[in-house]
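Structure below is run36.csv: CSV, C-alpha atoms.
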chain,number,residue,atom,x,y,z
L,531,MET,CA,-35.5,-17.1,-48.6
L,532,SER,CA,-38.0,-17.5,-51.4
L,533,LYS,CA,-41.7,-17.0,-50.8
L,534,SER,CA,-42.4,-20.7,-51.3
L,535,LYS,CA,-39.8,-21.6,-48.6
L,536,ILE,CA,-41.3,-19.0,-46.2
L,537,ILE,CA,-44.8,-20.4,-46.8
L,538,ARG,CA,-43.5,-24.0,-46.2
L,539,GLN,CA,-41.9,-22.9,-42.9
L,540,GLN,CA,-45.0,-21.2,-41.7
L,541,ILE,CA,-47.2,-24.2,-42.5
L,542,TRP,CA,-44.8,-26.7,-41.1
L,543,SER,CA,-44.9,-25.0,-37.7
L,544,LYS,CA,-48.7,-25.4,-37.7
L,545,LEU,CA,-48.5,-29.0,-39.0
L,546,HIS,CA,-46.6,-30.1,-35.9
L,547,HIS,CA,-49.9,-29.7,-33.9
L,548,VAL,CA,-51.9,-32.0,-36.2
L,549,ALA,CA,-49.5,-34.2,-38.1
L,550,ARG,CA,-49.2,-38.0,-37.4
L,551,PRO,CA,-45.5,-38.9,-37.1
L,552,ASP,CA,-43.9,-40.9,-40.0
L,553,THR,CA,-42.3,-44.2,-39.0
L,554,ARG,CA,-39.0,-43.2,-40.7
L,555,PHE,CA,-38.9,-39.4,-40.9
L,556,HIS,CA,-41.0,-38.6,-37.8
L,557,MET,CA,-41.8,-34.8,-38.2
L,558,ASN,CA,-39.2,-34.0,-40.8
L,559,PHE,CA,-41.6,-32.4,-43.3
L,560,ALA,CA,-38.8,-31.6,-45.7
L,561,GLU,CA,-38.7,-35.4,-46.4
L,562,VAL,CA,-42.3,-36.5,-46.0
L,563,ILE,CA,-45.7,-35.1,-46.5
L,564,PRO,CA,-47.4,-36.4,-43.4
L,565,ASP,CA,-50.7,-37.9,-42.5
L,566,PHE,CA,-52.8,-35.7,-40.3
L,567,ALA,CA,-55.7,-35.7,-37.9
L,568,GLY,CA,-58.8,-35.6,-40.0
L,569,SER,CA,-57.3,-37.1,-43.2
L,570,GLU,CA,-60.1,-39.7,-43.2
L,571,ALA,CA,-62.7,-36.9,-43.2
L,572,ALA,CA,-60.9,-35.1,-46.1
L,573,THR,CA,-60.9,-38.4,-48.0
L,574,GLY,CA,-64.6,-38.8,-47.2
L,575,HIS,CA,-65.3,-35.5,-49.0
L,576,LEU,CA,-63.1,-36.5,-52.0
L,577,VAL,CA,-64.9,-39.8,-52.7
L,578,THR,CA,-68.2,-38.0,-53.1
L,579,MET,CA,-66.9,-36.3,-56.2
L,580,PRO,CA,-68.5,-37.6,-59.4
L,581,ALA,CA,-65.1,-37.5,-61.1
L,582,TYR,CA,-63.7,-39.9,-58.4
L,583,GLN,CA,-66.8,-42.2,-58.6
L,584,LYS,CA,-66.4,-42.5,-62.4
L,585,THR,CA,-62.6,-43.0,-62.4
L,586,SER,CA,-61.3,-46.2,-64.0
L,587,PHE,CA,-57.6,-45.4,-63.9
L,588,ALA,CA,-56.0,-42.9,-61.5
L,589,PHE,CA,-52.6,-41.6,-60.3
L,590,ILE,CA,-52.1,-41.3,-56.6
L,591,THR,CA,-48.9,-40.0,-54.9
L,592,PRO,CA,-47.3,-41.9,-52.1
L,593,ASP,CA,-48.0,-39.2,-49.5
L,594,ASN,CA,-49.0,-40.5,-46.0
L,595,CYS,CA,-52.2,-38.4,-46.0
L,596,LEU,CA,-53.5,-40.5,-48.8
L,597,VAL,CA,-53.4,-43.9,-47.1
L,598,ASP,CA,-57.1,-43.9,-46.5
L,599,LEU,CA,-57.8,-43.0,-50.1
L,600,ARG,CA,-55.6,-45.8,-51.3
L,601,ARG,CA,-57.3,-48.2,-48.9
L,602,ARG,CA,-60.8,-47.1,-50.2
L,603,MET,CA,-59.7,-47.5,-53.8
L,604,ILE,CA,-58.2,-51.0,-53.2
L,605,ALA,CA,-61.4,-52.0,-51.5
L,606,ALA,CA,-63.5,-50.6,-54.3
L,607,GLY,CA,-61.4,-52.3,-57.0
L,608,LYS,CA,-60.3,-49.1,-58.6
L,609,PRO,CA,-57.0,-49.5,-60.4
L,610,PHE,CA,-54.3,-46.8,-59.8
L,611,VAL,CA,-50.6,-46.1,-60.3
L,612,MET,CA,-48.5,-44.7,-57.4
L,613,SER,CA,-45.0,-43.4,-57.6
L,614,THR,CA,-42.4,-44.9,-55.3
L,615,TYR,CA,-40.7,-42.6,-52.8
L,616,GLY,CA,-38.6,-40.1,-54.7
L,617,ILE,CA,-39.5,-42.0,-57.9
L,618,TYR,CA,-36.2,-43.9,-57.3
L,619,ARG,CA,-37.9,-47.2,-58.2
L,620,GLY,CA,-40.3,-45.8,-60.7
L,621,PHE,CA,-44.1,-46.5,-60.4
L,622,LEU,CA,-46.3,-49.2,-58.9
L,623,LEU,CA,-49.6,-50.5,-60.3
L,624,MET,CA,-52.4,-51.6,-58.0
L,625,GLU,CA,-55.2,-53.6,-59.7
L,626,PRO,CA,-58.3,-55.5,-58.4
L,627,GLY,CA,-57.4,-58.9,-57.1
L,628,MET,CA,-53.9,-58.0,-55.9
L,629,VAL,CA,-54.9,-57.7,-52.2
L,630,PRO,CA,-56.7,-60.4,-50.2
L,631,PRO,CA,-59.8,-59.3,-48.3
L,632,GLY,CA,-58.9,-57.7,-44.9
L,633,ALA,CA,-55.4,-56.6,-46.0
L,634,GLU,CA,-56.5,-53.3,-47.7
L,635,LEU,CA,-55.2,-51.0,-45.0
L,636,TYR,CA,-51.7,-52.6,-44.9
L,637,ALA,CA,-51.6,-52.6,-48.7
L,638,ALA,CA,-52.4,-48.9,-48.7
L,639,TRP,CA,-49.2,-48.1,-46.7
L,640,LEU,CA,-46.0,-47.7,-48.7
L,641,ASP,CA,-44.5,-51.0,-47.5
L,642,GLY,CA,-47.8,-52.7,-48.4
L,643,MET,CA,-47.8,-51.2,-51.8
L,644,GLU,CA,-44.3,-52.5,-52.3
L,645,HIS,CA,-45.5,-56.0,-51.3
L,646,PHE,CA,-48.8,-56.3,-53.1
L,647,ALA,CA,-48.6,-53.9,-56.1
L,648,ARG,CA,-46.2,-54.5,-59.1
L,649,PRO,CA,-43.8,-52.3,-60.9
L,650,ILE,CA,-45.0,-50.7,-64.1
L,651,SER,CA,-43.0,-48.9,-66.8
L,652,LEU,CA,-44.0,-45.6,-68.4
L,653,GLU,CA,-44.4,-47.5,-71.7
L,654,GLU,CA,-46.9,-49.9,-70.1
L,655,VAL,CA,-48.8,-47.0,-68.4
L,656,ALA,CA,-49.0,-45.3,-71.8
L,657,ARG,CA,-50.4,-48.5,-73.4
L,658,ARG,CA,-53.2,-48.6,-70.7
L,659,GLY,CA,-54.3,-45.1,-71.6
L,660,ARG,CA,-54.9,-41.8,-69.9
L,661,PHE,CA,-55.3,-41.1,-66.2
L,662,ASP,CA,-58.8,-39.7,-65.5
L,663,PHE,CA,-58.1,-38.6,-61.9
L,664,MET,CA,-55.1,-37.5,-60.0
L,665,VAL,CA,-54.6,-37.0,-56.2
L,666,THR,CA,-51.7,-35.6,-54.4
L,667,GLY,CA,-50.8,-34.4,-50.9
L,668,ALA,CA,-49.0,-31.1,-50.3
L,669,SER,CA,-47.0,-29.1,-47.8
L,670,ALA,CA,-49.3,-26.3,-48.6
L,671,VAL,CA,-51.8,-25.2,-51.3
L,672,SER,CA,-53.3,-21.8,-51.9
L,673,VAL,CA,-57.0,-21.0,-52.3
L,674,ASP,CA,-56.3,-20.4,-56.0
L,675,GLY,CA,-54.7,-23.8,-56.5
L,676,VAL,CA,-51.0,-23.3,-56.3
L,677,ARG,CA,-49.5,-26.4,-54.7
L,678,PHE,CA,-46.3,-26.7,-52.8
L,679,GLY,CA,-44.7,-30.0,-52.1
L,680,LYS,CA,-41.6,-30.8,-50.0
L,681,GLY,CA,-39.5,-28.7,-52.3
L,682,HIS,CA,-38.0,-31.5,-54.4
L,683,GLY,CA,-40.4,-31.1,-57.3
L,684,PHE,CA,-41.4,-34.8,-57.6
L,685,PHE,CA,-45.1,-34.2,-58.5
L,686,ASP,CA,-44.1,-31.5,-61.0
L,687,LEU,CA,-41.7,-34.0,-62.6
L,688,GLU,CA,-44.4,-36.8,-62.7
L,689,TRP,CA,-46.8,-34.3,-64.3
L,690,GLY,CA,-44.1,-33.5,-66.9
L,691,MET,CA,-43.6,-37.1,-67.8
L,692,PHE,CA,-47.3,-37.8,-68.0
L,693,THR,CA,-48.0,-34.8,-70.2
L,694,ASP,CA,-45.2,-35.8,-72.5
L,695,LEU,CA,-46.9,-39.1,-73.0
L,696,GLY,CA,-50.4,-37.7,-73.4
L,697,LEU,CA,-51.6,-39.3,-70.2
L,698,VAL,CA,-52.9,-36.1,-68.6
L,699,ASP,CA,-53.7,-32.5,-69.7
L,700,GLU,CA,-55.6,-29.4,-68.8
L,701,THR,CA,-58.9,-31.3,-68.4
L,702,THR,CA,-57.5,-34.0,-66.0
L,703,PRO,CA,-59.0,-33.4,-62.5
L,704,VAL,CA,-56.3,-32.9,-59.9
L,705,VAL,CA,-57.1,-32.9,-56.2
L,706,ALA,CA,-54.9,-31.9,-53.3
L,707,VAL,CA,-55.6,-33.5,-49.9
L,708,VAL,CA,-54.4,-31.3,-47.0
L,709,HIS,CA,-55.3,-30.2,-43.5
L,710,ASP,CA,-57.1,-26.9,-43.1
L,711,CYS,CA,-54.0,-25.4,-41.6
L,712,GLN,CA,-52.2,-26.1,-44.9
L,713,LEU,CA,-54.6,-24.0,-46.9
L,714,VAL,CA,-53.0,-20.7,-47.7
L,715,GLN,CA,-55.6,-17.9,-48.0
L,716,GLU,CA,-53.2,-15.6,-50.0
L,717,LYS,CA,-53.4,-15.9,-53.8
L,718,LEU,CA,-50.1,-16.8,-55.3
L,719,THR,CA,-48.4,-16.6,-58.7
L,720,PRO,CA,-47.4,-20.1,-60.0
L,721,SER,CA,-43.9,-20.8,-61.2
L,722,GLU,CA,-43.3,-22.3,-64.7
L,723,THR,CA,-43.4,-25.8,-63.1
L,724,ASP,CA,-46.2,-25.4,-60.5
L,725,ILE,CA,-49.2,-27.7,-61.1
L,726,LEU,CA,-52.4,-26.0,-60.4
L,727,VAL,CA,-55.1,-28.1,-58.7
L,728,ASP,CA,-58.8,-28.1,-59.4
L,729,TRP,CA,-60.0,-29.2,-56.0
L,730,ILE,CA,-58.7,-29.1,-52.4
L,731,ALA,CA,-60.1,-31.7,-49.9
L,732,THR,CA,-59.7,-30.8,-46.2
L,733,PRO,CA,-61.3,-32.2,-43.1
L,734,SER,CA,-63.8,-29.3,-43.2
L,735,GLY,CA,-64.9,-29.8,-46.8
L,736,LEU,CA,-64.2,-29.8,-50.5
L,737,HIS,CA,-63.0,-26.5,-52.0
L,738,LYS,CA,-63.4,-25.8,-55.8
L,739,VAL,CA,-60.6,-23.8,-57.4
L,740,GLU,CA,-61.3,-21.4,-60.1
L,741,ARG,CA,-58.1,-21.8,-62.2
L,742,ARG,CA,-56.9,-18.7,-64.0
L,743,ALA,CA,-53.7,-20.0,-65.6
L,744,LYS,CA,-52.7,-23.0,-67.7
L,745,ARG,CA,-50.7,-25.9,-66.2
L,746,PRO,CA,-47.1,-26.5,-67.5
L,747,SER,CA,-46.5,-29.3,-70.0
L,748,GLY,CA,-43.6,-31.6,-70.5
L,749,VAL,CA,-40.4,-32.3,-68.6
L,750,LYS,CA,-38.2,-29.3,-68.4
L,751,TRP,CA,-34.9,-31.1,-69.1
L,752,ASN,CA,-32.9,-27.9,-68.8
L,753,LEU,CA,-33.9,-27.6,-65.2
L,754,LEU,CA,-32.7,-31.1,-64.2
L,755,GLU,CA,-29.3,-32.0,-62.9
L,756,PRO,CA,-27.6,-35.1,-64.6
L,757,GLN,CA,-27.6,-36.8,-61.2
L,758,GLN,CA,-31.4,-36.5,-60.8
L,759,ILE,CA,-31.9,-38.1,-64.2
L,760,ALA,CA,-29.4,-40.9,-63.3
L,761,ASN,CA,-31.4,-41.5,-60.0
L,762,THR,CA,-34.8,-41.6,-61.7
L,763,PRO,CA,-35.4,-44.6,-64.0
L,764,PRO,CA,-38.6,-43.3,-65.5
L,765,LEU,CA,-36.7,-40.2,-66.8
L,766,GLN,CA,-34.2,-42.4,-68.5
L,767,GLU,CA,-37.0,-44.4,-70.0
L,768,LEU,CA,-38.7,-41.3,-71.2
L,769,GLN,CA,-35.5,-40.2,-72.9
L,770,ARG,CA,-35.3,-43.5,-74.7
L,771,ILE,CA,-39.0,-43.2,-75.8
L,772,GLN,CA,-38.3,-39.7,-77.1
L,773,GLY,CA,-35.0,-40.6,-78.7
L,774,ILE,CA,-33.0,-38.2,-76.5
L,775,ALA,CA,-29.3,-39.2,-76.2
Structure translated into structure tokens:
Amino acid sequence: MSKSKIIRQQIWSKLHHVARPDTRFHMNFAEVIPDFAGSEAATGHLVTMPAYQKTSFAFITPDNCLVDLRRRMIAAGKPFVMSTYGIYRGFLLMEPGMVPPGAELYAAWLDGMEHFARPISLEEVARRGRFDFMVTGASAVSVDGVRFGKGHGFFDLEWGMFTDLGLVDETTPVVAVVHDCQLVQEKLTPSETDILVDWIATPSGLHKVERRAKRPSGVKWNLLEPQQIANTPPLQELQRIQGIA
């Protein structure tokens, strides 16, 4: 078993004590990054960041622990893009005016996002310009910023697509929102596809990461199976944009 899998298993055993069950996947952490007790407090720390307060276009993952952040952004009129589950249906755009007052919490859930937000292509995202803030959940994250997802590599793939289009780079602030039990004190060596985060928001506070390595850039086509490309419309769109047969 790889070190990343061992860390996930260790963290998942702790998560069972603080996680909020998912309506579809319950406590199957291999399929969902759950919400957890205290996620609202973690979000409260995140929104004090100057980078968040100044953001005008953000990317937010569909993780359950980010429901309160999406709710706050909808209420504040901050536009953002969110990937659909597994990126199977691409990306959704949430803009001011899409959600009636009082429906912000429902709109922040995945079903609500599907109802109120609208699909957006990679080409349209690129026309709108760069993301100036990115937030993701995680299965675990080390104190030196190495993030572990569910093991499917979706966030790494999204990052690859966005860097290929010039939407994010080394200077883009990336924040991971996790429970304190998901924070790994051991320093880890990132793989060639691991996205290093700049900040970690937990219920106990906001943790700044001193990055000591560069993030990867571009989609690693040689690491993808043909079926994954076939199941991910944005990858097919990126191939068309790049002229890849």
Shell of 10 Å around Asp565 in chain L, all atoms listed in the file, local chain residues under 6 positions omitted, as a ChimeraX atom specification = /L:545,548-552,593-598,667,707-709
If we count only C-alpha atoms, what is near range 696-698 of chain L at a cut-off of 10 Å, once residues fewer than 5 positions away on the same chain are taken out, given as a ChimeraX atom specification?
-> /L:589,655-664,689-691,703-704,747-748
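We find CA of Gln769 in chain L and CA of Leu726 in chain L to be spaced 25.4 Å apart.
Nearest residue to Ile590 in chain L, choosing from L:Gly735, L:Pro626, L:Gly679, L:Pro609 and counting only C-alpha atoms: L:Pro609.
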What separation in Å, quoted to one decimal, exists between CA of Ala743 in chain L and CA of Thr693 in chain L?
->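 Going from CA of Ala743 in chain L over to CA of Thr693 in chain L, I get 16.5 Å.
Restricting the calculation to only C-alpha atoms, the smallest distance between Phe692 in chain L and any of L:His547, L:Leu652, L:Ile537, L:Gly568 is found for L:Leu652.
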Nearest to Lys744 in chain L among L:Ala670, L:Ile759, L:Ile604, L:Val676, with distances taken over all atoms listed in the file: which residue is it?
-> L:Val676
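Using only C-alpha atoms, the nearest neighbour of Val671 in chain L within the list L:Val739, L:Met612, L:Ile617, L:Leu687 is L:Val739.
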